[in-house]
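Novice: Have a peek at final.pdb (PDB, C-alpha atoms and all ligand atoms).
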ATOM      1  CA  MET A  19      17.696   0.646  -6.341
ATOM      2  CA  ARG A  20      16.566   4.032  -5.170
ATOM      3  CA  ARG A  21      16.181   4.409  -1.454
ATOM      4  CA  GLU A  22      12.845   6.222  -1.692
ATOM      5  CA  ASP A  23      11.372   3.425  -3.809
ATOM      6  CA  ALA A  24      12.520   0.900  -1.290
ATOM      7  CA  MET A  25      11.041   2.918   1.529
ATOM      8  CA  ALA A  26       7.766   3.238  -0.355
ATOM      9  CA  LEU A  27       7.634  -0.516  -0.728
ATOM     10  CA  GLU A  28       8.457  -0.989   2.936
ATOM     11  CA  ARG A  29       5.354   0.952   3.795
ATOM     12  CA  SER A  30       3.434  -1.599   1.759
ATOM     13  CA  GLY A  31      -0.217  -0.826   1.751
ATOM     14  CA  ALA A  32       0.518   2.840   1.263
ATOM     15  CA  HIS A  33       0.980   2.344  -2.495
ATOM     16  CA  GLU A  34      -2.531   1.095  -3.133
ATOM     17  CA  PRO A  35      -4.569   3.055  -5.638
ATOM     18  CA  PRO A  36      -7.648   4.859  -4.321
ATOM     19  CA  ARG A  37     -10.993   3.122  -4.353
ATOM     20  CA  ARG A  38     -12.551   3.385  -7.808
ATOM     21  CA  PRO A  39     -16.226   3.510  -8.676
ATOM     22  CA  ALA A  40     -17.461   0.309 -10.333
ATOM     23  CA  SER A  41     -16.740   0.115 -14.076
ATOM     24  CA  PRO A  42     -19.248  -1.148 -16.622
ATOM     25  CA  GLY A  43     -18.577  -4.619 -18.030
ATOM     26  CA  PRO A  44     -20.124  -6.914 -20.653
ATOM     27  CA  ILE A  45     -21.756  -9.112 -18.055
ATOM     28  CA  ALA A  46     -24.463 -10.465 -20.311
ATOM     29  CA  ALA A  47     -21.618 -12.443 -21.894
ATOM     30  CA  LEU A  48     -22.172 -14.747 -18.923
ATOM     31  CA  LEU A  49     -24.604 -16.684 -21.007
ATOM     32  CA  ARG A  50     -22.476 -16.954 -24.106
ATOM     33  CA  HIS A  51     -19.457 -18.935 -22.976
ATOM     34  CA  PRO A  52     -19.789 -22.627 -22.253
ATOM     35  CA  ARG A  53     -17.429 -24.068 -19.694
ATOM     36  CA  SER A  54     -14.161 -25.364 -21.111
ATOM     37  CA  ASP A  55     -12.413 -28.547 -19.947
ATOM     38  CA  PRO A  56     -11.918 -28.715 -16.189
ATOM     39  CA  PRO A  57      -8.462 -27.474 -15.210
ATOM     40  CA  ALA A  58      -6.010 -30.085 -13.991
ATOM     41  CA  GLY A  59      -5.040 -30.385 -10.351
ATOM     42  CA  GLU A  60      -7.380 -30.339  -7.377
ATOM     43  CA  ALA A  61      -7.100 -28.548  -4.077
ATOM     44  CA  SER A  62      -4.605 -30.099  -1.706
ATOM     45  CA  TYR A  63      -4.179 -28.728   1.796
ATOM     46  CA  GLY A  64      -0.782 -30.326   2.229
ATOM     47  CA  ARG A  65       0.869 -28.300  -0.503
ATOM     48  CA  VAL A  66      -0.521 -24.949   0.529
ATOM     49  CA  ALA A  67       2.133 -22.325   1.226
ATOM     50  CA  GLY A  68       2.045 -19.997   4.211
ATOM     51  CA  LYS A  69       2.570 -20.383   7.914
ATOM     52  CA  GLY A  70       0.724 -19.677  11.089
ATOM     53  CA  VAL A  71      -2.794 -20.100   9.686
ATOM     54  CA  ASP A  72      -4.780 -22.992  11.085
ATOM     55  CA  VAL A  73      -6.717 -24.573   8.204
ATOM     56  CA  ALA A  74      -7.325 -27.844  10.032
ATOM     57  CA  HIS A  75     -10.849 -28.079   8.645
ATOM     58  CA  GLY A  76      -9.719 -27.268   5.112
ATOM     59  CA  VAL A  77     -11.283 -23.806   5.075
ATOM     60  CA  VAL A  78      -8.873 -20.930   4.505
ATOM     61  CA  LEU A  79     -11.449 -18.125   4.578
ATOM     62  CA  TYR A  80     -14.884 -17.977   6.113
ATOM     63  CA  LEU A  81     -16.967 -14.852   5.842
ATOM     64  CA  GLU A  82     -19.673 -15.111   8.467
ATOM     65  CA  ASP A  83     -22.758 -12.936   8.145
ATOM     66  CA  ILE A  84     -20.869  -9.851   6.955
ATOM     67  CA  SER A  85     -22.735  -6.595   6.459
ATOM     68  CA  VAL A  86     -21.265  -3.327   5.210
ATOM     69  CA  ARG A  87     -23.511  -0.293   5.027
ATOM     70  CA  PHE A  88     -22.744   3.030   3.376
ATOM     71  CA  ASP A  89     -25.210   5.652   4.577
ATOM     72  CA  GLY A  90     -27.757   2.932   5.234
ATOM     73  CA  PHE A  91     -27.234   1.258   1.840
ATOM     74  CA  ALA A  92     -26.116  -2.363   2.263
ATOM     75  CA  ALA A  93     -23.112  -3.012  -0.026
ATOM     76  CA  LEU A  94     -22.794  -6.386   1.728
ATOM     77  CA  ASP A  95     -25.941  -7.805   3.259
ATOM     78  CA  HIS A  96     -25.329 -10.679   5.695
ATOM     79  CA  LEU A  97     -22.843 -12.258   3.296
ATOM     80  CA  SER A  98     -21.560 -15.710   4.208
ATOM     81  CA  LEU A  99     -18.972 -17.491   2.088
ATOM     82  CA  ALA A 100     -16.335 -20.197   2.618
ATOM     83  CA  ILE A 101     -13.167 -20.739   0.553
ATOM     84  CA  ASP A 102     -11.299 -24.024   0.873
ATOM     85  CA  ALA A 103      -7.534 -24.156   1.237
ATOM     86  CA  GLY A 104      -5.987 -24.494  -2.209
ATOM     87  CA  GLU A 105      -9.204 -23.567  -3.952
ATOM     88  CA  LEU A 106      -9.481 -21.373  -7.041
ATOM     89  CA  ARG A 107     -12.791 -19.561  -6.563
ATOM     90  CA  CYS A 108     -14.319 -17.305  -9.171
ATOM     91  CA  VAL A 109     -16.638 -14.550  -7.987
ATOM     92  CA  ILE A 110     -18.905 -12.905 -10.529
ATOM     93  CA  GLY A 111     -21.900 -10.614 -10.305
ATOM     94  CA  PRO A 112     -23.269  -7.414 -11.781
ATOM     95  CA  ASN A 113     -21.654  -4.059 -11.102
ATOM     96  CA  GLY A 114     -22.415  -2.935  -7.594
ATOM     97  CA  ALA A 115     -22.939  -6.506  -6.356
ATOM     98  CA  GLY A 116     -20.361  -5.982  -3.598
ATOM     99  CA  LYS A 117     -17.390  -7.893  -5.026
ATOM    100  CA  THR A 118     -14.790  -5.215  -4.393
ATOM    101  CA  THR A 119     -16.310  -4.375  -1.008
ATOM    102  CA  MET A 120     -15.937  -8.048  -0.079
ATOM    103  CA  MET A 121     -12.220  -7.847  -0.926
ATOM    104  CA  ASP A 122     -11.964  -4.602   1.059
ATOM    105  CA  VAL A 123     -13.365  -6.402   4.099
ATOM    106  CA  ILE A 124     -11.012  -9.373   3.706
ATOM    107  CA  THR A 125      -7.980  -7.085   3.451
ATOM    108  CA  GLY A 126      -9.017  -4.843   6.345
ATOM    109  CA  ARG A 127      -9.597  -1.808   4.188
ATOM    110  CA  THR A 128     -13.257  -1.655   5.161
ATOM    111  CA  ARG A 129     -14.575  -2.629   8.590
ATOM    112  CA  PRO A 130     -17.861  -4.510   8.403
ATOM    113  CA  ASP A 131     -20.774  -3.222  10.444
ATOM    114  CA  GLU A 132     -21.620  -6.804  11.321
ATOM    115  CA  GLY A 133     -20.095 -10.239  11.023
ATOM    116  CA  ARG A 134     -16.717 -11.921  11.206
ATOM    117  CA  ALA A 135     -14.102 -12.796   8.595
ATOM    118  CA  TRP A 136     -12.129 -15.869   9.625
ATOM    119  CA  PHE A 137      -8.733 -16.546   8.092
ATOM    120  CA  GLY A 138      -8.243 -20.192   8.968
ATOM    121  CA  GLN A 139      -9.766 -21.303  12.244
ATOM    122  CA  SER A 140      -8.568 -18.651  14.587
ATOM    123  CA  ILE A 141      -7.735 -15.316  12.930
ATOM    124  CA  ASP A 142     -10.619 -12.849  12.848
ATOM    125  CA  LEU A 143      -9.590 -10.435  10.101
ATOM    126  CA  THR A 144     -12.099  -7.832  11.258
ATOM    127  CA  ARG A 145      -9.806  -7.250  14.250
ATOM    128  CA  TYR A 146      -6.626  -6.929  12.191
ATOM    129  CA  THR A 147      -5.116  -3.922  10.445
ATOM    130  CA  GLU A 148      -4.383  -3.979   6.704
ATOM    131  CA  ALA A 149      -0.677  -4.450   7.406
ATOM    132  CA  GLN A 150      -1.322  -7.313   9.841
ATOM    133  CA  ILE A 151      -3.560  -9.015   7.302
ATOM    134  CA  ALA A 152      -0.935  -8.774   4.567
ATOM    135  CA  HIS A 153       1.614 -10.109   7.021
ATOM    136  CA  ALA A 154      -0.671 -12.993   7.997
ATOM    137  CA  GLY A 155      -0.609 -14.184   4.390
ATOM    138  CA  ILE A 156      -3.280 -12.465   2.304
ATOM    139  CA  GLY A 157      -2.116 -10.778  -0.891
ATOM    140  CA  ARG A 158      -4.238  -8.535  -3.056
ATOM    141  CA  LYS A 159      -3.783  -7.642  -6.682
ATOM    142  CA  PHE A 160      -5.348  -4.373  -7.700
ATOM    143  CA  GLN A 161      -6.264  -3.559 -11.288
ATOM    144  CA  LYS A 162      -3.594  -0.958 -11.746
ATOM    145  CA  PRO A 163      -0.158  -2.563 -11.361
ATOM    146  CA  THR A 164       1.854  -1.044  -8.530
ATOM    147  CA  ILE A 165       5.305  -1.883  -9.802
ATOM    148  CA  PHE A 166       8.463   0.200  -9.849
ATOM    149  CA  GLU A 167       8.710   1.200 -13.498
ATOM    150  CA  ARG A 168      12.321   2.363 -13.504
ATOM    151  CA  HIS A 169      13.590  -0.820 -11.901
ATOM    152  CA  THR A 170      14.101  -4.035 -13.822
ATOM    153  CA  ALA A 171      11.714  -6.941 -13.454
ATOM    154  CA  PHE A 172      14.368  -8.728 -11.412
ATOM    155  CA  GLU A 173      14.832  -5.740  -9.103
ATOM    156  CA  ASN A 174      11.081  -5.488  -8.570
ATOM    157  CA  LEU A 175      11.044  -9.033  -7.225
ATOM    158  CA  GLU A 176      14.137  -8.312  -5.173
ATOM    159  CA  LEU A 177      12.346  -5.366  -3.569
ATOM    160  CA  ALA A 178       9.236  -7.461  -2.944
ATOM    161  CA  MET A 179      11.292 -10.188  -1.316
ATOM    162  CA  LYS A 180      13.170  -7.772   0.910
ATOM    163  CA  ALA A 181       9.967  -6.026   1.944
ATOM    164  CA  ASP A 182       8.690  -9.340   3.325
ATOM    165  CA  LYS A 183       8.001  -8.515   6.951
ATOM    166  CA  ARG A 184       8.528 -12.127   7.999
ATOM    167  CA  VAL A 185      12.133 -12.043   6.852
ATOM    168  CA  ARG A 186      13.001  -8.642   8.303
ATOM    169  CA  ARG A 187      16.318  -8.202   6.623
ATOM    170  CA  THR A 188      17.878  -5.027   5.431
ATOM    171  CA  LEU A 189      16.737  -3.701   2.079
ATOM    172  CA  PHE A 190      20.296  -2.917   1.065
ATOM    173  CA  ALA A 191      21.976  -6.243   1.725
ATOM    174  CA  ARG A 192      23.274  -8.206  -1.258
ATOM    175  CA  LEU A 193      21.309 -11.206  -2.449
ATOM    176  CA  ASP A 194      22.733 -14.641  -1.825
ATOM    177  CA  SER A 195      22.614 -17.265  -4.540
ATOM    178  CA  ALA A 196      19.535 -19.024  -3.126
ATOM    179  CA  GLU A 197      17.667 -15.731  -3.226
ATOM    180  CA  ARG A 198      18.782 -15.046  -6.792
ATOM    181  CA  ASP A 199      17.604 -18.525  -7.762
ATOM    182  CA  ARG A 200      14.276 -17.926  -6.109
ATOM    183  CA  ILE A 201      13.747 -14.703  -8.039
ATOM    184  CA  ALA A 202      14.820 -16.350 -11.298
ATOM    185  CA  ALA A 203      12.394 -19.222 -10.718
ATOM    186  CA  MET A 204       9.576 -16.770 -10.031
ATOM    187  CA  LEU A 205      10.347 -14.830 -13.228
ATOM    188  CA  GLU A 206      10.255 -18.135 -15.087
ATOM    189  CA  ARG A 207       6.923 -18.973 -13.527
ATOM    190  CA  VAL A 208       5.298 -15.757 -14.790
ATOM    191  CA  ARG A 209       7.072 -15.994 -18.169
ATOM    192  CA  LEU A 210       9.294 -12.992 -17.596
ATOM    193  CA  ALA A 211      12.666 -14.753 -17.482
ATOM    194  CA  HIS A 212      13.657 -13.210 -20.818
ATOM    195  CA  SER A 213      12.719  -9.759 -19.504
ATOM    196  CA  ALA A 214      14.556 -10.015 -16.178
ATOM    197  CA  ASP A 215      16.832  -7.077 -16.951
ATOM    198  CA  ARG A 216      14.294  -4.842 -18.683
ATOM    199  CA  PRO A 217      12.952  -1.835 -16.847
ATOM    200  CA  ALA A 218       9.447  -2.758 -15.735
ATOM    201  CA  GLY A 219       8.071   0.374 -17.380
ATOM    202  CA  LEU A 220       8.916  -1.116 -20.794
ATOM    203  CA  LEU A 221       6.927  -4.310 -20.250
ATOM    204  CA  SER A 222       3.542  -4.857 -21.912
ATOM    205  CA  HIS A 223       0.401  -4.271 -19.877
ATOM    206  CA  GLY A 224      -0.040  -8.010 -19.333
ATOM    207  CA  GLN A 225       3.597  -8.481 -18.371
ATOM    208  CA  LYS A 226       3.272  -5.723 -15.784
ATOM    209  CA  GLN A 227       0.278  -7.522 -14.295
ATOM    210  CA  TRP A 228       2.272 -10.757 -14.114
ATOM    211  CA  LEU A 229       5.172  -8.935 -12.527
ATOM    212  CA  GLU A 230       2.907  -7.601  -9.816
ATOM    213  CA  ILE A 231       1.465 -11.072  -9.236
ATOM    214  CA  ALA A 232       5.031 -12.373  -8.961
ATOM    215  CA  MET A 233       5.801  -9.634  -6.416
ATOM    216  CA  LEU A 234       2.848 -10.811  -4.342
ATOM    217  CA  LEU A 235       3.950 -14.436  -4.709
ATOM    218  CA  MET A 236       7.421 -13.614  -3.387
ATOM    219  CA  GLN A 237       5.707 -13.162  -0.024
ATOM    220  CA  GLU A 238       4.149 -16.649  -0.289
ATOM    221  CA  PRO A 239       0.595 -15.601   0.431
ATOM    222  CA  ARG A 240      -1.762 -18.278   1.647
ATOM    223  CA  LEU A 241      -4.658 -16.474  -0.010
ATOM    224  CA  LEU A 242      -4.458 -14.320  -3.128
ATOM    225  CA  LEU A 243      -7.261 -11.926  -4.081
ATOM    226  CA  LEU A 244      -7.403 -10.783  -7.699
ATOM    227  CA  ASP A 245      -9.871  -8.083  -8.733
ATOM    228  CA  GLU A 246     -10.437  -8.040 -12.515
ATOM    229  CA  PRO A 247      -6.945  -9.346 -13.289
ATOM    230  CA  VAL A 248      -7.275  -9.646 -17.081
ATOM    231  CA  ALA A 249      -8.807  -6.232 -17.778
ATOM    232  CA  GLY A 250      -6.893  -4.672 -20.687
ATOM    233  CA  MET A 251      -4.966  -7.836 -21.540
ATOM    234  CA  SER A 252      -4.633  -9.276 -25.049
ATOM    235  CA  ASP A 253      -6.236 -12.634 -25.815
ATOM    236  CA  GLU A 254      -2.876 -14.356 -25.618
ATOM    237  CA  GLU A 255      -2.086 -12.709 -22.287
ATOM    238  CA  ARG A 256      -5.456 -13.883 -20.968
ATOM    239  CA  GLU A 257      -4.661 -17.448 -21.994
ATOM    240  CA  ARG A 258      -1.346 -17.306 -20.184
ATOM    241  CA  THR A 259      -2.922 -15.747 -17.127
ATOM    242  CA  ALA A 260      -5.492 -18.542 -17.026
ATOM    243  CA  ASP A 261      -2.683 -21.121 -17.127
ATOM    244  CA  LEU A 262      -0.835 -19.267 -14.364
ATOM    245  CA  PHE A 263      -3.847 -19.129 -12.047
ATOM    246  CA  VAL A 264      -4.614 -22.797 -12.566
ATOM    247  CA  SER A 265      -0.980 -23.616 -11.753
ATOM    248  CA  LEU A 266      -1.119 -21.526  -8.553
ATOM    249  CA  ALA A 267      -4.211 -23.252  -7.172
ATOM    250  CA  GLY A 268      -3.420 -25.986  -4.686
ATOM    251  CA  GLN A 269      -0.304 -24.206  -3.532
ATOM    252  CA  HIS A 270      -2.253 -21.022  -2.827
ATOM    253  CA  SER A 271      -5.948 -20.257  -2.465
ATOM    254  CA  LEU A 272      -7.190 -17.790  -5.056
ATOM    255  CA  VAL A 273     -10.295 -15.633  -5.204
ATOM    256  CA  VAL A 274     -10.705 -14.177  -8.680
ATOM    257  CA  VAL A 275     -13.265 -11.469  -9.447
ATOM    258  CA  GLU A 276     -13.604 -11.044 -13.192
ATOM    259  CA  HIS A 277     -16.156  -9.839 -15.740
ATOM    260  CA  ASP A 278     -14.568 -11.675 -18.662
ATOM    261  CA  MET A 279     -16.677 -14.817 -18.866
ATOM    262  CA  ALA A 280     -14.445 -16.478 -21.466
ATOM    263  CA  PHE A 281     -11.645 -16.187 -18.924
ATOM    264  CA  ILE A 282     -13.863 -17.444 -16.106
ATOM    265  CA  ALA A 283     -14.844 -20.416 -18.262
ATOM    266  CA  LYS A 284     -11.165 -21.329 -18.672
ATOM    267  CA  ILE A 285     -10.323 -21.344 -14.976
ATOM    268  CA  ALA A 286     -13.650 -22.007 -13.262
ATOM    269  CA  ARG A 287     -14.188 -24.737 -10.745
ATOM    270  CA  LYS A 288     -16.633 -23.390  -8.187
ATOM    271  CA  VAL A 289     -18.241 -20.062  -9.050
ATOM    272  CA  THR A 290     -19.999 -17.713  -6.637
ATOM    273  CA  VAL A 291     -22.504 -15.213  -7.997
ATOM    274  CA  LEU A 292     -22.905 -12.145  -5.813
ATOM    275  CA  HIS A 293     -25.924  -9.915  -6.116
ATOM    276  CA  GLU A 294     -26.985  -7.056  -3.859
ATOM    277  CA  GLY A 295     -24.359  -7.932  -1.303
ATOM    278  CA  ARG A 296     -25.160 -11.592  -0.858
ATOM    279  CA  VAL A 297     -24.626 -14.952  -2.521
ATOM    280  CA  LEU A 298     -27.224 -15.502  -5.227
ATOM    281  CA  ALA A 299     -25.898 -18.809  -6.528
ATOM    282  CA  GLU A 300     -22.856 -21.012  -6.122
ATOM    283  CA  GLY A 301     -21.553 -24.091  -7.896
ATOM    284  CA  PRO A 302     -20.023 -25.226 -11.181
ATOM    285  CA  LEU A 303     -20.167 -22.570 -13.910
ATOM    286  CA  GLU A 304     -22.655 -24.463 -16.044
ATOM    287  CA  SER A 305     -25.087 -24.783 -13.155
ATOM    288  CA  VAL A 306     -24.933 -21.108 -12.140
ATOM    289  CA  GLN A 307     -25.277 -20.116 -15.814
ATOM    290  CA  ALA A 308     -28.441 -22.212 -16.002
ATOM    291  CA  ASP A 309     -29.868 -20.821 -12.759
ATOM    292  CA  PRO A 310     -32.991 -18.769 -13.577
ATOM    293  CA  ARG A 311     -32.239 -16.284 -10.764
ATOM    294  CA  VAL A 312     -28.782 -15.644 -12.221
ATOM    295  CA  ILE A 313     -30.163 -15.223 -15.734
ATOM    296  CA  GLU A 314     -32.746 -12.804 -14.386
ATOM    297  CA  VAL A 315     -30.112 -10.707 -12.634
ATOM    298  CA  TYR A 316     -27.891 -10.447 -15.705
ATOM    299  CA  LEU A 317     -30.554 -10.039 -18.364
ATOM    300  CA  GLY A 318     -32.907  -7.950 -16.286
ATOM    301  CA  ARG A 319     -30.470  -5.031 -16.370
TER     302      ARG A 319
HETATM  303  P1  LIG B   1     -18.685  -4.463  -7.360
HETATM  304  O1  LIG B   1     -17.222  -4.547  -7.109
HETATM  305  O2  LIG B   1     -19.398  -5.772  -7.283
HETATM  306  O3  LIG B   1     -19.020  -3.764  -8.647
HETATM  307  P2  LIG B   1     -18.674  -2.678  -5.092
HETATM  308  O4  LIG B   1     -18.264  -3.525  -3.957
HETATM  309  O5  LIG B   1     -17.657  -1.780  -5.689
HETATM  310  O6  LIG B   1     -19.360  -3.574  -6.210
HETATM  311  O7  LIG B   1     -19.885  -1.769  -4.640
HETATM  312  C1  LIG B   1     -21.024  -2.279  -3.998
HETATM  313  C2  LIG B   1     -21.985  -1.139  -3.707
HETATM  314  O8  LIG B   1     -21.464  -0.358  -2.664
HETATM  315  C3  LIG B   1     -22.174  -0.215  -4.893
HETATM  316  O9  LIG B   1     -23.523   0.208  -4.925
HETATM  317  C4  LIG B   1     -21.257   0.931  -4.591
HETATM  318  O10 LIG B   1     -21.716   2.120  -5.179
HETATM  319  C5  LIG B   1     -21.319   0.994  -3.077
HETATM  320  N1  LIG B   1     -20.062   1.501  -2.495
HETATM  321  C6  LIG B   1     -18.856   0.902  -2.556
HETATM  322  N2  LIG B   1     -17.925   1.602  -1.898
HETATM  323  C7  LIG B   1     -18.583   2.690  -1.393
HETATM  324  C8  LIG B   1     -18.185   3.815  -0.596
HETATM  325  N3  LIG B   1     -16.915   3.958  -0.186
HETATM  326  N4  LIG B   1     -19.125   4.720  -0.276
HETATM  327  C9  LIG B   1     -20.410   4.570  -0.668
HETATM  328  N5  LIG B   1     -20.851   3.538  -1.409
HETATM  329  C10 LIG B   1     -19.955   2.616  -1.773
HETATM  330 MG    MG B   2     -15.558  -4.067  -8.260
END
Please express the file's structure as structure tokens.
Ligand code: ADP
Ligand code: MG
Specialist:
Amino acid sequence: MRREDAMALERSGAHEPPRRPASPGPIAALLRHPRSDPPAGEASYGRVAGKGVDVAHGVVLYLEDISVRFDGFAALDHLSLAIDAGELRCVIGPNGAGKTTMMDVITGRTRPDEGRAWFGQSIDLTRYTEAQIAHAGIGRKFQKPTIFERHTAFENLELAMKADKRVRRTLFARLDSAERDRIAAMLERVRLAHSADRPAGLLSHGQKQWLEIAMLLMQEPRLLLLDEPVAGMSDEERERTADLFVSLAGQHSLVVVEHDMAFIAKIARKVTVLHEGRVLAEGPLESVQADPRVIEVYLGR
């Protein structure tokens, strides 16, 4: 591995892409996709990975009355939202609803003007830095994969593992066999075992996304935030991503923001609809799809 790549990864957080303006999406498709069969496996606190976060009441994240204002405009307007440990929550809503801003608040990138963001019972994320939040067990997947293209898939996971602040080992030490097994198992999990020795730059778009998710998973996040994870993926890659997310729930808590309603329909359990910086509706997909206020918001645009 190249030392400068390793150092870049060590400064994790510094390799995030800049904040993008909201992109247009075919949101009216909300009404076109009926819910598919419920995914197998329900939330289970006992199996949740991560340490040091007190989820005694089964809530991994509680946003309490969060407001974010940009020049007086409320991107988040007294938003309150609770995510259970092990839950797979889908968040939808029109462009500009505040979805990405919500993730920015959870990851410490944006400080709210009002409110608290509780990670478990006792960690107030609004008082933590981005690095402390990542360290505490919150991983975030951005749209553009931030992988090391000239390194193999295996080496990318090796770098991610060694950058884990909880382990604090040298980046240049050799892997032991347990560590190699762990990386191999993770590659298997994201269907990249056959590409372990390929440079990451040669992987397909979807494979790169999975590799980045695997890099996040190497750090065993308690909570994983995914902003538009299937954008640009083929239909088959979307199917596989849906299977992966469903398999991760229970062990991790996931918050998935996505415009692709066919994808949402495949993974959805509880869905939150954001609009103008607050929760417009929440519940099973079929009930939010039937909610007149939700229909109004999507069709009225
Ligand atoms: P979504 O992800 O749901 O499309 P965003 O959270 O990106 O929505 O944006 C919510 C609102 O806040 C939008 O009107 C957007 O233009 C505004 N906004 C987001 N970030 C900034 C910023 N850094 N400065 C000014 N306005 C912003
Ligand atoms: Mg967004």
Novice: What are the closest atom pairs, with distances in Å to one decimal, for each residue of segment 118-194 of chain A lying within 9 Å of segment 66-87 of chain A, using all atoms listed in the file, rows by chain and rising residue number, as CSV?
Specialist:
residue,atom,partner,partner_atom,distance
A:Thr119,CA,A:Val86,CA,8.0
A:Met120,CA,A:Ile84,CA,8.8
A:Val123,CA,A:Val86,CA,8.5
A:Ile124,CA,A:Leu81,CA,8.4
A:Thr128,CA,A:Val86,CA,8.2
A:Arg129,CA,A:Val86,CA,7.5
A:Pro130,CA,A:Val86,CA,4.8
A:Asp131,CA,A:Val86,CA,5.3
A:Glu132,CA,A:Ser85,CA,5.0
A:Gly133,CA,A:Ile84,CA,4.2
A:Arg134,CA,A:Glu82,CA,5.1
A:Ala135,CA,A:Leu81,CA,4.5
A:Trp136,CA,A:Tyr80,CA,4.9
A:Phe137,CA,A:Leu79,CA,4.7
A:Gly138,CA,A:Val78,CA,4.6
A:Gln139,CA,A:Asp72,CA,5.4
A:Ser140,CA,A:Asp72,CA,6.7
A:Ile141,CA,A:Val71,CA,7.6
A:Ala154,CA,A:Gly70,CA,7.5
A:Gly155,CA,A:Gly68,CA,6.4
Novice: Can you translate the PyMOL selection byres (((chain A and resi 283-288) around 6) and not hetatm) into the concrete residues it hits in this file, as a ChimeraX atom specification?
Specialist: /A:53-54,107,260,279-282,289,301-302
Novice: Output as a Markdown table one row per residue of chain A within 12 Å of ligand LIG 1 (chain B): the closest atom pair and its distance in Å to one decimal place, counting all atoms listed in the file, sorted by chain and residue number ascending.
Specialist:
| residue | atom | partner | partner_atom | distance |
| --- | --- | --- | --- | --- |
| A:Pro36 | CA | B:LIG1 | N3 | 10.2 |
| A:Arg37 | CA | B:LIG1 | N3 | 7.3 |
| A:Arg38 | CA | B:LIG1 | O5 | 7.6 |
| A:Pro39 | CA | B:LIG1 | O5 | 6.2 |
| A:Ala40 | CA | B:LIG1 | O3 | 4.7 |
| A:Ser41 | CA | B:LIG1 | O3 | 7.1 |
| A:Pro42 | CA | B:LIG1 | O3 | 8.4 |
| A:Gly43 | CA | B:LIG1 | O3 | 9.4 |
| A:Ile45 | CA | B:LIG1 | O3 | 11.2 |
| A:Ser85 | CA | B:LIG1 | O8 | 11.1 |
| A:Val86 | CA | B:LIG1 | O8 | 8.4 |
| A:Arg87 | CA | B:LIG1 | N5 | 7.9 |
| A:Phe88 | CA | B:LIG1 | C9 | 4.9 |
| A:Asp89 | CA | B:LIG1 | C9 | 7.2 |
| A:Gly90 | CA | B:LIG1 | C9 | 9.6 |
| A:Phe91 | CA | B:LIG1 | O8 | 7.5 |
| A:Ala92 | CA | B:LIG1 | O8 | 7.1 |
| A:Ala93 | CA | B:LIG1 | O8 | 4.1 |
| A:Leu94 | CA | B:LIG1 | C1 | 7.3 |
| A:Asp95 | CA | B:LIG1 | C1 | 10.4 |
| A:Val109 | CA | B:LIG1 | O2 | 9.2 |
| A:Ile110 | CA | B:LIG1 | O2 | 7.9 |
| A:Gly111 | CA | B:LIG1 | O2 | 6.2 |
| A:Pro112 | CA | B:LIG1 | O2 | 6.2 |
| A:Asn113 | CA | B:LIG1 | O3 | 3.6 |
| A:Gly114 | CA | B:LIG1 | O6 | 3.4 |
| A:Ala115 | CA | B:LIG1 | O2 | 3.7 |
| A:Gly116 | CA | B:LIG1 | O4 | 3.3 |
| A:Lys117 | CA | B:LIG1 | O2 | 3.7 |
| A:Thr118 | CA | B:LIG1 | O1 | 3.7 |
| A:Thr119 | CA | B:LIG1 | O4 | 3.6 |
| A:Met120 | CA | B:LIG1 | O4 | 6.4 |
| A:Met121 | CA | B:LIG1 | O4 | 8.0 |
| A:Asp122 | CA | B:LIG1 | O4 | 8.1 |
| A:Val123 | CA | B:LIG1 | O4 | 9.9 |
| A:Arg127 | CA | B:LIG1 | N3 | 10.3 |
| A:Thr128 | CA | B:LIG1 | N3 | 8.6 |
| A:Arg129 | CA | B:LIG1 | N3 | 11.2 |
| A:Pro130 | CA | B:LIG1 | N2 | 12.0 |
| A:Phe160 | CA | B:LIG1 | O1 | 11.9 |
| A:Gln161 | CA | B:LIG1 | O1 | 11.8 |
| A:Leu244 | CA | B:LIG1 | O1 | 11.6 |
| A:Asp245 | CA | B:LIG1 | O1 | 8.3 |
| A:Glu246 | CA | B:LIG1 | O1 | 9.4 |
| A:Val274 | CA | B:LIG1 | O1 | 11.7 |
| A:Val275 | CA | B:LIG1 | O1 | 8.3 |
| A:Glu276 | CA | B:LIG1 | O1 | 9.6 |
| A:His277 | CA | B:LIG1 | O3 | 9.8 |
| A:Thr290 | CA | B:LIG1 | O2 | 12.0 |
| A:Val291 | CA | B:LIG1 | O2 | 10.0 |
| A:Leu292 | CA | B:LIG1 | O2 | 7.4 |
| A:His293 | CA | B:LIG1 | O2 | 7.8 |
| A:Glu294 | CA | B:LIG1 | C1 | 7.6 |
| A:Gly295 | CA | B:LIG1 | C1 | 7.1 |
| A:Arg296 | CA | B:LIG1 | O2 | 10.4 |
| A:Val297 | CA | B:LIG1 | O2 | 11.6 |
Novice: Might you pull out every residue within 6 Å of segment 208-224 of chain A, with all atoms listed in the file counted and same-chain residues fewer than 3 positions away left off, and present them as JSON, numbers by chain?
Specialist: {"A": [167, 168, 169, 170, 171, 172, 205, 227, 228, 251, 255]}
Novice: What's the separation between atom CA of Ala249 of chain A and atom CA of Ile165 of chain A, in Å to one decimal place?
Specialist: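 Computing the Euclidean distance for atom CA of Ala249 of chain A and atom CA of Ile165 of chain A yields 16.8 Å.
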Novice: Quick check, in Å to one decimal: how far apart do atom CA of Leu303 of chain A and atom CA of Tyr316 of chain A lie?
Specialist: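 Computing it gives 14.5 Å between the two atoms.
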Novice: Rank A:Asp182, A:Ala202, A:Arg240, A:Leu266 by their smallest atom-to-atom distance to Ala149 of chain A, using only C-alpha atoms, and report the top residue only.
Specialist: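 The closest residue to Ala149 of chain A is A:Asp182.
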